[in-house]
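Let me begin by presenting the structure, written as C-alpha cells, before commenting on it.
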There are 2 protein chains.
Amino acid sequence: MNSCILVVDDEARMRKLIKDFLIAKGFTILEAEDGEKALEVFSQNKNKINLILLDVMMPKLDGWSVLRQIRQESKVPIIMLTARGEEQDELFGFELGVDEYISKPFSPKILVARVEAILKRTNQDTREIKDYGGIEIDKEGRTVKVDGKPLELSLREYELLVYLVENENIALSRDKILNNVWNYDYYGDSRTIDSHIKKIRHKLGKKGKYIKTIRGVGYKFEVK
Amino acid sequence: MNSCILVVDDEARMRKLIKDFLIAKGFTILEAEDGEKALEVFSQNKNKINLILLDVMMPKLDGWSVLRQIRQESKVPIIMLTARGEEQDELFGFELGVDEYISKPFSPKILVARVEAILKRTNQDTREIKDYGGIEIDKEGRTVKVDGKPLELSLREYELLVYLVENENIALSRDKILNNVWNYDYYGDSRTIDSHIKKIRHKLGKKGKYIKTIRGVGYKFEVK
DNA sequence: CTAAATTGTGAAAAAACTCCGATAAAATCG
DNA sequence: CGATTTTATCGGAGTTTTTTCACAATTTAG
C-alpha cells in the first residue's frame with residue numbers, strides 16, 4: 001500500500017502537524033506551501049500521489065483554483081481543509097469534484113480516519129474476482145480458477161463460461177447463446193455449442209456438473 | 001441514472017423533508033421508520049437501492065447495527081445522519097464502512113450535494129479504460145482502441161501490449177517479458193518476442209513507434 | 001570503416017483452436 | 001417397451017495463432 005499524500009497548506013506548523021501524524025501511519029508525504037508550488041509538485045509526481053490535502057485559504061493561488069486546475073487532468077482524491085462550516089463552499093466544492101471536507105480545527109484522528117476511508121474507497125482494488133460455487137472468474141485478468149487452481153480456457157470456452165455464470169440460474173436457449181457468445185450473424189451448427197460445453201465441463205472437473213442441460217432449450221449454470 | 005435512495009429515520013417529519021428534496025432532484029425514494037424495517041426493505045430491494053441515508057438514533061435497532069448488518073452483504077454507499085460533531089462516532093463508523101456523515105441539523109442543499117457526490121463517485125462505471133497516449137485499453141472487455149478504432153489482437157499480442165503499457169517508461173528485458181507474458185518455464189526462440197512486437201507495432205499504426213527498442217535489453221513503451 | 005552483435009522481417013512449420021458431421025447415448029413420448 | 005427426439009462425444013478438416021528459422025537491416029564496438 002504505502003500511499004503518497006500531498007499536503008498543501010501555507011502554515012508550516014499545520015503542515016508539520018499533519019505530516020507527523022500521517023507519517024506515523026505509514027504514509028509518504030509531499031509538501032507544498034502555496035497553490036503554485038502545489039501544482040508544481042503535483043505535475044512532477046502525478047503517478048505517485050494518491051491523495052491531496054488542500055487548504056482553501058492560501059496566498060498566491062487559493063485552494064479552489066488549485067482544485068480546478070488539478071481536476072482538469074486528474075481524478076486524484078482531494079480533501080479540502082476549510083474554516084468551519086461554510087456551507088456555500090461545500091456546495092461549491094462538491095461540484096468541482098471535492099471528495100471530502102475537513103474543518104479546521106480538526107483532530108488528527110479524524111484526519112487520519114478520513115484519509116484512510118477515502119483511500120480505501122478509491123484504492124479499492126478495481127479488480128473484481130467473482131466466485132460462482134468455487135469457480136473464480138477474474139474478468140480483468142481473464143483467468144478462471146477452480147478451487148484455486150488456474151484453468152486454461154480458449155477464447156470461446158472462456159466467453160461461453162462467462163456468459164453462463166453471469167446468467168446463473170437462467171436457462172439459456174441455444175439461440176440466445178449463439179447470439180451472445182458468437183457473432184450476431186453466426187449461422188453454424190448447433191452442435192458447436194455442445195462441443196464447447198463438453199470441453200468446459202471437462203476442464204471444470206467435478207464442478208462441470210454445474211452446467212445443466214435443459215433439454216429442448218439449451219443450458220443453465222446452477223450451483224447445486 | 002435515476003438512483004434509488006433508502007431513507008431511514010424514525011421521525012416522519014425528517015423523512016418527509018429529505019424525501020421531498022430528493023424527489024425534487026429526481027431520485028426515487030424508499031422509506032423505513034426503524035432499523036428493523038430498514039433491513040427488511042433493504043433485503044427486498046437489494047439490487048435497486050443505490051444509497052442509504054441512515055439515522056443513527058432509532059428505536060428497536062440503531063443505525064450502527066443496521067450498518068453492520070448491511071455491510072455483511074453489501075457495499076452500498078451509506079450516509080449516516082448524526083447529532084452534531086461526535087468524533088468518537090465518526091471514527092467508529094469509518095471503520096465499519098460509512099461513506100459519509102451529515103450532522104443534524106443540516107441544510108437540504110448540503111444533503112443533496114453530498115448524495116450526488118457519493119453517487120457520482122460510486123456509480124462511476126467500474127469499467128476502467130486506460131489511455132496510453134491514445135491507445136485505449138479496456139481490460140475487462142479485453143479490447144484495445146487506437147484513436148477510437150478497435151484493434152484485433154491475438155491473445156499473445158494483447159498480453160504483450162498490456163505488459164508493455166503497464167510498465168510504461170520501463171525498459172523490459174526479453175527475459176522479463178518471457179517470464180511475464182509467456183509461461184514461466186517457456187524456453188523458446190528469442191526471436192519470438194520480436195515477431196510479436198512487429199505485429200503489434202504494425203497494428204498500432206503510427207503509434208507503433210511508442211514501443212521502443214532498447215538494444216541489448218529488450219523493449220520499452222514510451223509515449224513520445 | 002569494417003566486423004560483430006543485435007534486431008527486423010517474411011515465410012513456413014508447428015501448435016492450438018474452432019467448427020462440423022457422424023455416431024453413440026440418453027431422455028421423452030406414445 | 002420401442003420409436004423418436006435431443007444431447008454427448010469423438011475425430012478430423014479448416015482456420016487462426018504461435019513459433020521457428022533464415023536472412024536482411026541496423027546498431028555498436030574496435
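Naming scheme: A, B, ... for chains in displayed order of the C-alpha cells; residues 1 onward per chain; ligands 1 onward as shown.
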**Study point:** Surrounding residues of range 2-6 of chain D excluding itself and chain neighbours under 4 positions, 8 Å, only C-alpha atoms (C1' of nucleotides), as a VMD selection string
**Key:** (chain A and resid 215 to 216) or (chain C and resid 27 to 29)
Residues as selected, C-alpha atoms (C1' of nucleotides), written as an mmCIF file, in the first residue's frame, can you do that?
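Result file follows (out-v5.cif):
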data_model
loop_
_atom_site.group_PDB
_atom_site.id
_atom_site.type_symbol
_atom_site.label_atom_id
_atom_site.label_comp_id
_atom_site.auth_asym_id
_atom_site.auth_seq_id
_atom_site.Cartn_x
_atom_site.Cartn_y
_atom_site.Cartn_z
ATOM 1 C CA ARG A 215 -33.487 -30.470 -22.726
ATOM 2 C CA GLY A 216 -35.171 -28.811 -25.627
ATOM 3 C "C1'" DA C 27 -34.266 -38.703 -22.319
ATOM 4 C "C1'" DT C 28 -39.003 -38.357 -23.662
ATOM 5 C "C1'" DC C 29 -43.285 -39.760 -25.568
#
Can you move chain B onto chain A by a least-squares fit over all C-alpha atoms paired in order, then give me the moved copy as a PDB file with C-alpha atoms, in the first residue's frame?
ATOM      1  CA  MET B   1       1.886   0.260   0.674  1.00  0.00           C
ATOM      2  CA  ASN B   2       3.639   3.392   1.994  1.00  0.00           C
ATOM      3  CA  SER B   3       1.439   5.986   0.334  1.00  0.00           C
ATOM      4  CA  CYS B   4       2.586   9.433  -0.551  1.00  0.00           C
ATOM      5  CA  ILE B   5       0.440  12.378   0.456  1.00  0.00           C
ATOM      6  CA  LEU B   6       0.652  15.946  -0.734  1.00  0.00           C
ATOM      7  CA  VAL B   7      -0.301  18.445   1.959  1.00  0.00           C
ATOM      8  CA  VAL B   8      -1.307  21.863   0.701  1.00  0.00           C
ATOM      9  CA  ASP B   9      -1.888  24.592   3.241  1.00  0.00           C
ATOM     10  CA  ASP B  10      -0.587  28.103   3.594  1.00  0.00           C
ATOM     11  CA  GLU B  11      -0.122  27.867   7.330  1.00  0.00           C
ATOM     12  CA  ALA B  12       3.192  26.291   8.135  1.00  0.00           C
ATOM     13  CA  ARG B  13       1.950  25.309  11.561  1.00  0.00           C
ATOM     14  CA  MET B  14      -0.954  23.411  10.084  1.00  0.00           C
ATOM     15  CA  ARG B  15       1.265  21.651   7.573  1.00  0.00           C
ATOM     16  CA  LYS B  16       3.620  20.602  10.287  1.00  0.00           C
ATOM     17  CA  LEU B  17       0.799  19.263  12.428  1.00  0.00           C
ATOM     18  CA  ILE B  18      -0.603  17.172   9.623  1.00  0.00           C
ATOM     19  CA  LYS B  19       2.790  16.080   8.451  1.00  0.00           C
ATOM     20  CA  ASP B  20       3.895  14.876  11.864  1.00  0.00           C
ATOM     21  CA  PHE B  21       0.842  12.746  12.326  1.00  0.00           C
ATOM     22  CA  LEU B  22       0.905  11.231   8.914  1.00  0.00           C
ATOM     23  CA  ILE B  23       4.600  10.522   9.049  1.00  0.00           C
ATOM     24  CA  ALA B  24       4.048   8.814  12.374  1.00  0.00           C
ATOM     25  CA  LYS B  25       1.591   6.587  10.546  1.00  0.00           C
ATOM     26  CA  GLY B  26       4.182   5.729   7.960  1.00  0.00           C
ATOM     27  CA  PHE B  27       3.129   7.961   5.099  1.00  0.00           C
ATOM     28  CA  THR B  28       5.480   9.880   2.901  1.00  0.00           C
ATOM     29  CA  ILE B  29       4.699  13.587   2.757  1.00  0.00           C
ATOM     30  CA  LEU B  30       5.130  16.251   0.151  1.00  0.00           C
ATOM     31  CA  GLU B  31       4.237  19.836   0.971  1.00  0.00           C
ATOM     32  CA  ALA B  32       3.105  22.941  -0.831  1.00  0.00           C
ATOM     33  CA  GLU B  33       2.407  26.316   0.708  1.00  0.00           C
ATOM     34  CA  ASP B  34       0.025  27.663  -1.893  1.00  0.00           C
ATOM     35  CA  GLY B  35      -2.007  26.669  -4.894  1.00  0.00           C
ATOM     36  CA  GLU B  36       0.603  27.411  -7.460  1.00  0.00           C
ATOM     37  CA  LYS B  37       3.252  25.445  -5.665  1.00  0.00           C
ATOM     38  CA  ALA B  38       0.780  22.628  -5.243  1.00  0.00           C
ATOM     39  CA  LEU B  39       0.272  22.320  -8.973  1.00  0.00           C
ATOM     40  CA  GLU B  40       3.987  22.462  -9.492  1.00  0.00           C
ATOM     41  CA  VAL B  41       4.719  19.743  -6.983  1.00  0.00           C
ATOM     42  CA  PHE B  42       1.856  17.678  -8.316  1.00  0.00           C
ATOM     43  CA  SER B  43       2.951  17.834 -11.912  1.00  0.00           C
ATOM     44  CA  GLN B  44       6.401  16.696 -10.912  1.00  0.00           C
ATOM     45  CA  ASN B  45       5.200  13.793  -8.807  1.00  0.00           C
ATOM     46  CA  LYS B  46       2.046  12.665 -10.546  1.00  0.00           C
ATOM     47  CA  ASN B  47       2.736   9.001 -10.327  1.00  0.00           C
ATOM     48  CA  LYS B  48       3.977   9.118  -6.809  1.00  0.00           C
ATOM     49  CA  ILE B  49       1.163  10.978  -5.091  1.00  0.00           C
ATOM     50  CA  ASN B  50      -1.650   8.831  -3.786  1.00  0.00           C
ATOM     51  CA  LEU B  51      -3.745  11.463  -2.088  1.00  0.00           C
ATOM     52  CA  ILE B  52      -3.932  15.230  -1.684  1.00  0.00           C
ATOM     53  CA  LEU B  53      -4.967  17.159   1.403  1.00  0.00           C
ATOM     54  CA  LEU B  54      -6.020  20.519   0.077  1.00  0.00           C
ATOM     55  CA  ASP B  55      -6.824  23.615   2.050  1.00  0.00           C
ATOM     56  CA  VAL B  56      -9.565  25.725   0.525  1.00  0.00           C
ATOM     57  CA  MET B  57      -8.449  29.160   1.637  1.00  0.00           C
ATOM     58  CA  MET B  58      -5.044  29.986   0.284  1.00  0.00           C
ATOM     59  CA  PRO B  59      -3.309  32.980  -1.258  1.00  0.00           C
ATOM     60  CA  LYS B  60      -2.531  33.113  -4.979  1.00  0.00           C
ATOM     61  CA  LEU B  61      -4.627  30.141  -6.055  1.00  0.00           C
ATOM     62  CA  ASP B  62      -7.350  28.784  -3.822  1.00  0.00           C
ATOM     63  CA  GLY B  63      -8.198  25.166  -3.222  1.00  0.00           C
ATOM     64  CA  TRP B  64     -11.066  25.055  -5.673  1.00  0.00           C
ATOM     65  CA  SER B  65      -8.903  26.234  -8.512  1.00  0.00           C
ATOM     66  CA  VAL B  66      -6.246  23.713  -7.681  1.00  0.00           C
ATOM     67  CA  LEU B  67      -8.884  21.011  -7.482  1.00  0.00           C
ATOM     68  CA  ARG B  68     -10.273  21.892 -10.877  1.00  0.00           C
ATOM     69  CA  GLN B  69      -6.895  21.919 -12.530  1.00  0.00           C
ATOM     70  CA  ILE B  70      -5.825  18.645 -11.044  1.00  0.00           C
ATOM     71  CA  ARG B  71      -9.119  17.026 -12.025  1.00  0.00           C
ATOM     72  CA  GLN B  72      -8.374  17.907 -15.619  1.00  0.00           C
ATOM     73  CA  GLU B  73      -5.765  15.263 -15.713  1.00  0.00           C
ATOM     74  CA  SER B  74      -6.002  13.065 -12.671  1.00  0.00           C
ATOM     75  CA  LYS B  75      -8.390  11.170 -10.481  1.00  0.00           C
ATOM     76  CA  VAL B  76      -6.099  11.213  -7.471  1.00  0.00           C
ATOM     77  CA  PRO B  77      -8.211  11.281  -4.286  1.00  0.00           C
ATOM     78  CA  ILE B  78      -8.534  14.747  -2.813  1.00  0.00           C
ATOM     79  CA  ILE B  79      -9.619  15.672   0.690  1.00  0.00           C
ATOM     80  CA  MET B  80     -10.582  19.301   1.158  1.00  0.00           C
ATOM     81  CA  LEU B  81      -9.807  21.092   4.397  1.00  0.00           C
ATOM     82  CA  THR B  82     -12.572  23.577   4.996  1.00  0.00           C
ATOM     83  CA  ALA B  83     -13.886  25.975   7.537  1.00  0.00           C
ATOM     84  CA  ARG B  84     -16.614  24.273   9.489  1.00  0.00           C
ATOM     85  CA  GLY B  85     -19.925  23.418   7.944  1.00  0.00           C
ATOM     86  CA  GLU B  86     -20.220  25.246   4.700  1.00  0.00           C
ATOM     87  CA  GLU B  87     -22.876  23.338   2.908  1.00  0.00           C
ATOM     88  CA  GLN B  88     -22.661  25.380  -0.216  1.00  0.00           C
ATOM     89  CA  ASP B  89     -19.043  24.461  -0.605  1.00  0.00           C
ATOM     90  CA  GLU B  90     -19.636  20.805  -0.067  1.00  0.00           C
ATOM     91  CA  LEU B  91     -22.229  20.582  -2.770  1.00  0.00           C
ATOM     92  CA  PHE B  92     -20.014  22.552  -5.047  1.00  0.00           C
ATOM     93  CA  GLY B  93     -17.077  20.293  -4.378  1.00  0.00           C
ATOM     94  CA  PHE B  94     -18.681  16.905  -4.794  1.00  0.00           C
ATOM     95  CA  GLU B  95     -19.533  17.818  -8.338  1.00  0.00           C
ATOM     96  CA  LEU B  96     -15.955  18.718  -9.008  1.00  0.00           C
ATOM     97  CA  GLY B  97     -14.763  15.432  -7.680  1.00  0.00           C
ATOM     98  CA  VAL B  98     -13.909  16.007  -4.058  1.00  0.00           C
ATOM     99  CA  ASP B  99     -13.620  12.721  -2.264  1.00  0.00           C
ATOM    100  CA  GLU B 100     -13.975  13.906   1.273  1.00  0.00           C
ATOM    101  CA  TYR B 101     -14.144  16.933   3.524  1.00  0.00           C
ATOM    102  CA  ILE B 102     -12.524  17.586   6.816  1.00  0.00           C
ATOM    103  CA  SER B 103     -13.583  20.671   8.703  1.00  0.00           C
ATOM    104  CA  LYS B 104     -11.114  22.720  10.638  1.00  0.00           C
ATOM    105  CA  PRO B 105     -10.502  22.398  13.407  1.00  0.00           C
ATOM    106  CA  PHE B 106     -10.186  18.656  13.249  1.00  0.00           C
ATOM    107  CA  SER B 107      -8.600  16.096  15.449  1.00  0.00           C
ATOM    108  CA  PRO B 108      -5.527  14.393  14.033  1.00  0.00           C
ATOM    109  CA  LYS B 109      -7.210  11.090  14.677  1.00  0.00           C
ATOM    110  CA  ILE B 110     -10.079  11.933  12.402  1.00  0.00           C
ATOM    111  CA  LEU B 111      -7.623  13.085   9.801  1.00  0.00           C
ATOM    112  CA  VAL B 112      -5.671   9.867   9.859  1.00  0.00           C
ATOM    113  CA  ALA B 113      -8.822   7.762   9.895  1.00  0.00           C
ATOM    114  CA  ARG B 114     -10.236   9.478   6.850  1.00  0.00           C
ATOM    115  CA  VAL B 115      -7.008   9.387   4.954  1.00  0.00           C
ATOM    116  CA  GLU B 116      -6.700   5.692   5.591  1.00  0.00           C
ATOM    117  CA  ALA B 117     -10.315   5.057   4.698  1.00  0.00           C
ATOM    118  CA  ILE B 118      -9.934   6.829   1.387  1.00  0.00           C
ATOM    119  CA  LEU B 119      -6.694   5.121   0.530  1.00  0.00           C
ATOM    120  CA  LYS B 120      -8.173   1.781   1.383  1.00  0.00           C
ATOM    121  CA  ARG B 121     -11.054   2.524  -0.914  1.00  0.00           C
ATOM    122  CA  THR B 122      -9.037   3.750  -3.845  1.00  0.00           C
ATOM    123  CA  ASN B 123      -5.889   1.704  -3.605  1.00  0.00           C
ATOM    124  CA  GLN B 124      -8.123  -1.257  -3.761  1.00  0.00           C
ATOM    125  CA  ASP B 125      -6.582  -3.050  -6.638  1.00  0.00           C
ATOM    126  CA  THR B 126      -8.730  -2.220  -9.604  1.00  0.00           C
ATOM    127  CA  ARG B 127      -8.309  -5.820 -10.545  1.00  0.00           C
ATOM    128  CA  GLU B 128     -11.592  -7.444  -9.923  1.00  0.00           C
ATOM    129  CA  ILE B 129     -11.819 -11.130  -9.391  1.00  0.00           C
ATOM    130  CA  LYS B 130     -15.330 -12.395  -9.232  1.00  0.00           C
ATOM    131  CA  ASP B 131     -16.278 -15.613  -7.591  1.00  0.00           C
ATOM    132  CA  TYR B 132     -19.155 -17.689  -8.781  1.00  0.00           C
ATOM    133  CA  GLY B 133     -19.504 -20.571  -6.405  1.00  0.00           C
ATOM    134  CA  GLY B 134     -15.805 -21.243  -6.284  1.00  0.00           C
ATOM    135  CA  ILE B 135     -15.199 -20.421  -9.905  1.00  0.00           C
ATOM    136  CA  GLU B 136     -13.000 -17.353  -9.841  1.00  0.00           C
ATOM    137  CA  ILE B 137     -12.825 -15.227 -12.932  1.00  0.00           C
ATOM    138  CA  ASP B 138     -10.353 -12.449 -13.472  1.00  0.00           C
ATOM    139  CA  LYS B 139     -11.519 -10.754 -16.601  1.00  0.00           C
ATOM    140  CA  GLU B 140      -8.587  -8.458 -16.897  1.00  0.00           C
ATOM    141  CA  GLY B 141      -6.134 -11.290 -16.647  1.00  0.00           C
ATOM    142  CA  ARG B 142      -8.465 -13.551 -18.587  1.00  0.00           C
ATOM    143  CA  THR B 143      -7.912 -16.361 -16.157  1.00  0.00           C
ATOM    144  CA  VAL B 144     -10.249 -18.783 -14.475  1.00  0.00           C
ATOM    145  CA  LYS B 145      -9.554 -20.701 -11.312  1.00  0.00           C
ATOM    146  CA  VAL B 146     -11.532 -23.442  -9.681  1.00  0.00           C
ATOM    147  CA  ASP B 147     -10.767 -23.914  -6.016  1.00  0.00           C
ATOM    148  CA  GLY B 148      -7.592 -21.957  -6.561  1.00  0.00           C
ATOM    149  CA  LYS B 149      -6.368 -24.052  -9.441  1.00  0.00           C
ATOM    150  CA  PRO B 150      -5.999 -22.281 -12.764  1.00  0.00           C
ATOM    151  CA  LEU B 151      -7.886 -23.632 -15.734  1.00  0.00           C
ATOM    152  CA  GLU B 152      -6.845 -23.582 -19.347  1.00  0.00           C
ATOM    153  CA  LEU B 153      -9.760 -22.482 -21.437  1.00  0.00           C
ATOM    154  CA  SER B 154      -9.771 -21.737 -25.102  1.00  0.00           C
ATOM    155  CA  LEU B 155     -11.232 -18.483 -26.330  1.00  0.00           C
ATOM    156  CA  ARG B 156     -14.707 -19.812 -26.990  1.00  0.00           C
ATOM    157  CA  GLU B 157     -14.802 -21.812 -23.825  1.00  0.00           C
ATOM    158  CA  TYR B 158     -13.796 -18.798 -21.813  1.00  0.00           C
ATOM    159  CA  GLU B 159     -16.279 -16.491 -23.419  1.00  0.00           C
ATOM    160  CA  LEU B 160     -19.084 -18.947 -23.165  1.00  0.00           C
ATOM    161  CA  LEU B 161     -18.373 -19.503 -19.494  1.00  0.00           C
ATOM    162  CA  VAL B 162     -18.180 -15.783 -18.798  1.00  0.00           C
ATOM    163  CA  TYR B 163     -21.462 -15.242 -20.569  1.00  0.00           C
ATOM    164  CA  LEU B 164     -23.094 -17.940 -18.511  1.00  0.00           C
ATOM    165  CA  VAL B 165     -21.821 -16.790 -15.133  1.00  0.00           C
ATOM    166  CA  GLU B 166     -22.552 -13.164 -15.817  1.00  0.00           C
ATOM    167  CA  ASN B 167     -26.111 -14.209 -16.382  1.00  0.00           C
ATOM    168  CA  GLU B 168     -26.195 -16.374 -13.306  1.00  0.00           C
ATOM    169  CA  ASN B 169     -29.605 -17.851 -12.623  1.00  0.00           C
ATOM    170  CA  ILE B 170     -30.912 -16.802 -15.995  1.00  0.00           C
ATOM    171  CA  ALA B 171     -31.878 -19.408 -18.541  1.00  0.00           C
ATOM    172  CA  LEU B 172     -30.179 -18.562 -21.811  1.00  0.00           C
ATOM    173  CA  SER B 173     -31.550 -19.790 -25.081  1.00  0.00           C
ATOM    174  CA  ARG B 174     -29.227 -21.193 -27.685  1.00  0.00           C
ATOM    175  CA  ASP B 175     -30.131 -18.261 -29.892  1.00  0.00           C
ATOM    176  CA  LYS B 176     -29.151 -15.792 -27.265  1.00  0.00           C
ATOM    177  CA  ILE B 177     -25.918 -17.600 -26.605  1.00  0.00           C
ATOM    178  CA  LEU B 178     -25.053 -17.708 -30.280  1.00  0.00           C
ATOM    179  CA  ASN B 179     -25.741 -14.035 -30.692  1.00  0.00           C
ATOM    180  CA  ASN B 180     -23.688 -13.064 -27.705  1.00  0.00           C
ATOM    181  CA  VAL B 181     -20.757 -15.390 -27.676  1.00  0.00           C
ATOM    182  CA  TRP B 182     -20.430 -15.926 -31.386  1.00  0.00           C
ATOM    183  CA  ASN B 183     -20.529 -13.312 -34.061  1.00  0.00           C
ATOM    184  CA  TYR B 184     -23.915 -11.937 -34.556  1.00  0.00           C
ATOM    185  CA  ASP B 185     -24.309 -13.468 -37.969  1.00  0.00           C
ATOM    186  CA  TYR B 186     -22.976 -16.875 -37.146  1.00  0.00           C
ATOM    187  CA  TYR B 187     -25.068 -19.559 -38.701  1.00  0.00           C
ATOM    188  CA  GLY B 188     -23.789 -22.855 -37.523  1.00  0.00           C
ATOM    189  CA  ASP B 189     -24.770 -26.144 -36.158  1.00  0.00           C
ATOM    190  CA  SER B 190     -26.578 -25.925 -32.852  1.00  0.00           C
ATOM    191  CA  ARG B 191     -24.596 -28.853 -31.518  1.00  0.00           C
ATOM    192  CA  THR B 192     -21.635 -26.487 -31.462  1.00  0.00           C
ATOM    193  CA  ILE B 193     -22.763 -24.948 -28.212  1.00  0.00           C
ATOM    194  CA  ASP B 194     -23.303 -28.343 -26.643  1.00  0.00           C
ATOM    195  CA  SER B 195     -19.848 -29.361 -27.625  1.00  0.00           C
ATOM    196  CA  HIS B 196     -18.306 -26.404 -25.869  1.00  0.00           C
ATOM    197  CA  ILE B 197     -20.556 -26.795 -22.870  1.00  0.00           C
ATOM    198  CA  LYS B 198     -19.357 -30.330 -22.590  1.00  0.00           C
ATOM    199  CA  LYS B 199     -15.730 -29.261 -22.576  1.00  0.00           C
ATOM    200  CA  ILE B 200     -16.335 -26.538 -20.051  1.00  0.00           C
ATOM    201  CA  ARG B 201     -18.227 -28.842 -17.735  1.00  0.00           C
ATOM    202  CA  HIS B 202     -15.430 -31.302 -17.972  1.00  0.00           C
ATOM    203  CA  LYS B 203     -12.785 -28.704 -17.178  1.00  0.00           C
ATOM    204  CA  LEU B 204     -14.811 -27.367 -14.278  1.00  0.00           C
ATOM    205  CA  GLY B 205     -14.779 -30.815 -12.745  1.00  0.00           C
ATOM    206  CA  LYS B 206     -17.273 -31.167  -9.923  1.00  0.00           C
ATOM    207  CA  LYS B 207     -18.428 -27.635 -10.473  1.00  0.00           C
ATOM    208  CA  GLY B 208     -19.434 -28.518 -14.000  1.00  0.00           C
ATOM    209  CA  LYS B 209     -22.858 -29.297 -12.692  1.00  0.00           C
ATOM    210  CA  TYR B 210     -23.447 -25.612 -12.065  1.00  0.00           C
ATOM    211  CA  ILE B 211     -24.134 -25.384 -15.753  1.00  0.00           C
ATOM    212  CA  LYS B 212     -27.671 -26.632 -15.930  1.00  0.00           C
ATOM    213  CA  THR B 213     -29.370 -27.846 -19.048  1.00  0.00           C
ATOM    214  CA  ILE B 214     -32.715 -26.252 -19.662  1.00  0.00           C
ATOM    215  CA  ARG B 215     -34.419 -28.592 -21.993  1.00  0.00           C
ATOM    216  CA  GLY B 216     -35.985 -26.937 -24.975  1.00  0.00           C
ATOM    217  CA  VAL B 217     -34.241 -23.665 -24.185  1.00  0.00           C
ATOM    218  CA  GLY B 218     -30.548 -23.805 -23.599  1.00  0.00           C
ATOM    219  CA  TYR B 219     -28.401 -23.501 -20.497  1.00  0.00           C
ATOM    220  CA  LYS B 220     -28.249 -21.748 -17.192  1.00  0.00           C
ATOM    221  CA  PHE B 221     -25.512 -21.166 -14.704  1.00  0.00           C
ATOM    222  CA  GLU B 222     -26.693 -21.753 -11.179  1.00  0.00           C
ATOM    223  CA  VAL B 223     -24.723 -22.511  -8.049  1.00  0.00           C
ATOM    224  CA  LYS B 224     -26.640 -25.119  -6.203  1.00  0.00           C
TER     225      LYS B 224
END
Practice item. Tell me which protein, DNA and RNA residues are within 10 Å of DC10 in chain D, counting only C-alpha atoms (C1' of nucleotides), leaving out same-chain ones fewer than 3 positions away, and put them as an MDAnalysis selection string. Key: (chainID A and resid 195) or (chainID C and resid 22:24)
Practice item. Compute the set of chain C residues within 12 Å of chain B, using only C-alpha atoms (C1' of nucleotides), and express it as a ChimeraX atom specification. Key: /C:5-10,16
Practice item. Could you give me the residues within chain A that DSSP places in strand (DSSP E), as number ranges by chain? Key: A: 4-8, 28-32, 49-55, 78-83, 100-104, 129-132, 135-138, 143-146, 149-151, 172-173, 211-214, 218-221
Point to revise | From D:DA8, D:DC1, D:DA29, D:DC21, residue lying nearest chain A [only C-alpha atoms (C1' of nucleotides)] | key: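 Ranking D:DA8, D:DC1, D:DA29, D:DC21 by distance to chain A, first place goes to D:DA8.
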**Study point:** Spatial neighbours of DA4 in chain C, max dist 12 Å, only C-alpha atoms (C1' of nucleotides), sep filter under 5 positions, as a PyMOL selection string
**Key:** chain D and resi 27-30
Practice item. Return as a ChimeraX atom specification the full set of residues in range 73-201 of chain A whose backbone-based DSSP assignment is helix (DSSP H, G or I). Key: /A:87-96,108-123,155-166,174-181,191-201
Could the residues in this selection be saved with C-alpha atoms as a compact mmCIF listing (two decimals), in the first residue's frame?
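New file out20.txt:
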# COMPACT_ATOMS: atom_id res chain seq x y z
CA GLU A 87 -21.98 25.67 3.53
CA GLN A 88 -21.59 27.80 0.47
CA ASP A 89 -18.10 26.50 -0.02
CA GLU A 90 -19.08 22.93 0.40
CA LEU A 91 -21.70 23.07 -2.25
CA PHE A 92 -19.34 24.86 -4.50
CA GLY A 93 -16.68 22.26 -4.00
CA PHE A 94 -18.67 19.11 -4.48
CA GLU A 95 -19.49 20.23 -7.96
CA LEU A 96 -15.84 20.73 -8.68
CA PRO A 108 -5.58 14.31 13.95
CA LYS A 109 -7.61 11.21 14.50
CA ILE A 110 -10.40 12.46 12.31
CA LEU A 111 -7.87 13.43 9.72
CA VAL A 112 -6.30 10.01 9.61
CA ALA A 113 -9.66 8.29 9.62
CA ARG A 114 -10.93 10.27 6.68
CA VAL A 115 -7.77 9.90 4.71
CA GLU A 116 -7.85 6.17 5.22
CA ALA A 117 -11.53 5.98 4.38
CA ILE A 118 -11.02 7.82 1.13
CA LEU A 119 -8.01 5.79 0.16
CA LYS A 120 -9.84 2.62 0.94
CA ARG A 121 -12.66 3.76 -1.24
CA THR A 122 -10.58 4.78 -4.16
CA ASN A 123 -7.67 2.41 -3.98
CA LEU A 155 -11.43 -17.77 -26.07
CA ARG A 156 -14.74 -19.40 -26.87
CA GLU A 157 -14.66 -21.60 -23.85
CA TYR A 158 -13.98 -18.62 -21.64
CA GLU A 159 -16.69 -16.47 -23.13
CA LEU A 160 -19.21 -19.22 -23.08
CA LEU A 161 -18.48 -19.95 -19.45
CA VAL A 162 -18.69 -16.28 -18.51
CA TYR A 163 -21.99 -15.98 -20.30
CA LEU A 164 -23.35 -18.96 -18.44
CA VAL A 165 -22.23 -17.91 -14.97
CA GLU A 166 -23.33 -14.32 -15.46
CA ARG A 174 -29.02 -22.23 -27.91
CA ASP A 175 -30.20 -19.28 -29.93
CA LYS A 176 -29.51 -16.89 -27.12
CA ILE A 177 -26.11 -18.39 -26.54
CA LEU A 178 -25.20 -18.16 -30.19
CA ASN A 179 -26.27 -14.56 -30.38
CA ASN A 180 -24.37 -13.58 -27.30
CA VAL A 181 -21.20 -15.59 -27.35
CA ARG A 191 -23.73 -28.98 -32.11
CA THR A 192 -20.91 -26.47 -31.89
CA ILE A 193 -22.20 -25.25 -28.57
CA ASP A 194 -22.39 -28.79 -27.24
CA SER A 195 -18.84 -29.36 -28.24
CA HIS A 196 -17.64 -26.38 -26.27
CA ILE A 197 -19.85 -27.22 -23.34
CA LYS A 198 -18.28 -30.61 -23.27
CA LYS A 199 -14.80 -29.17 -23.10
CA ILE A 200 -15.72 -26.69 -20.43
CA ARG A 201 -17.39 -29.34 -18.32
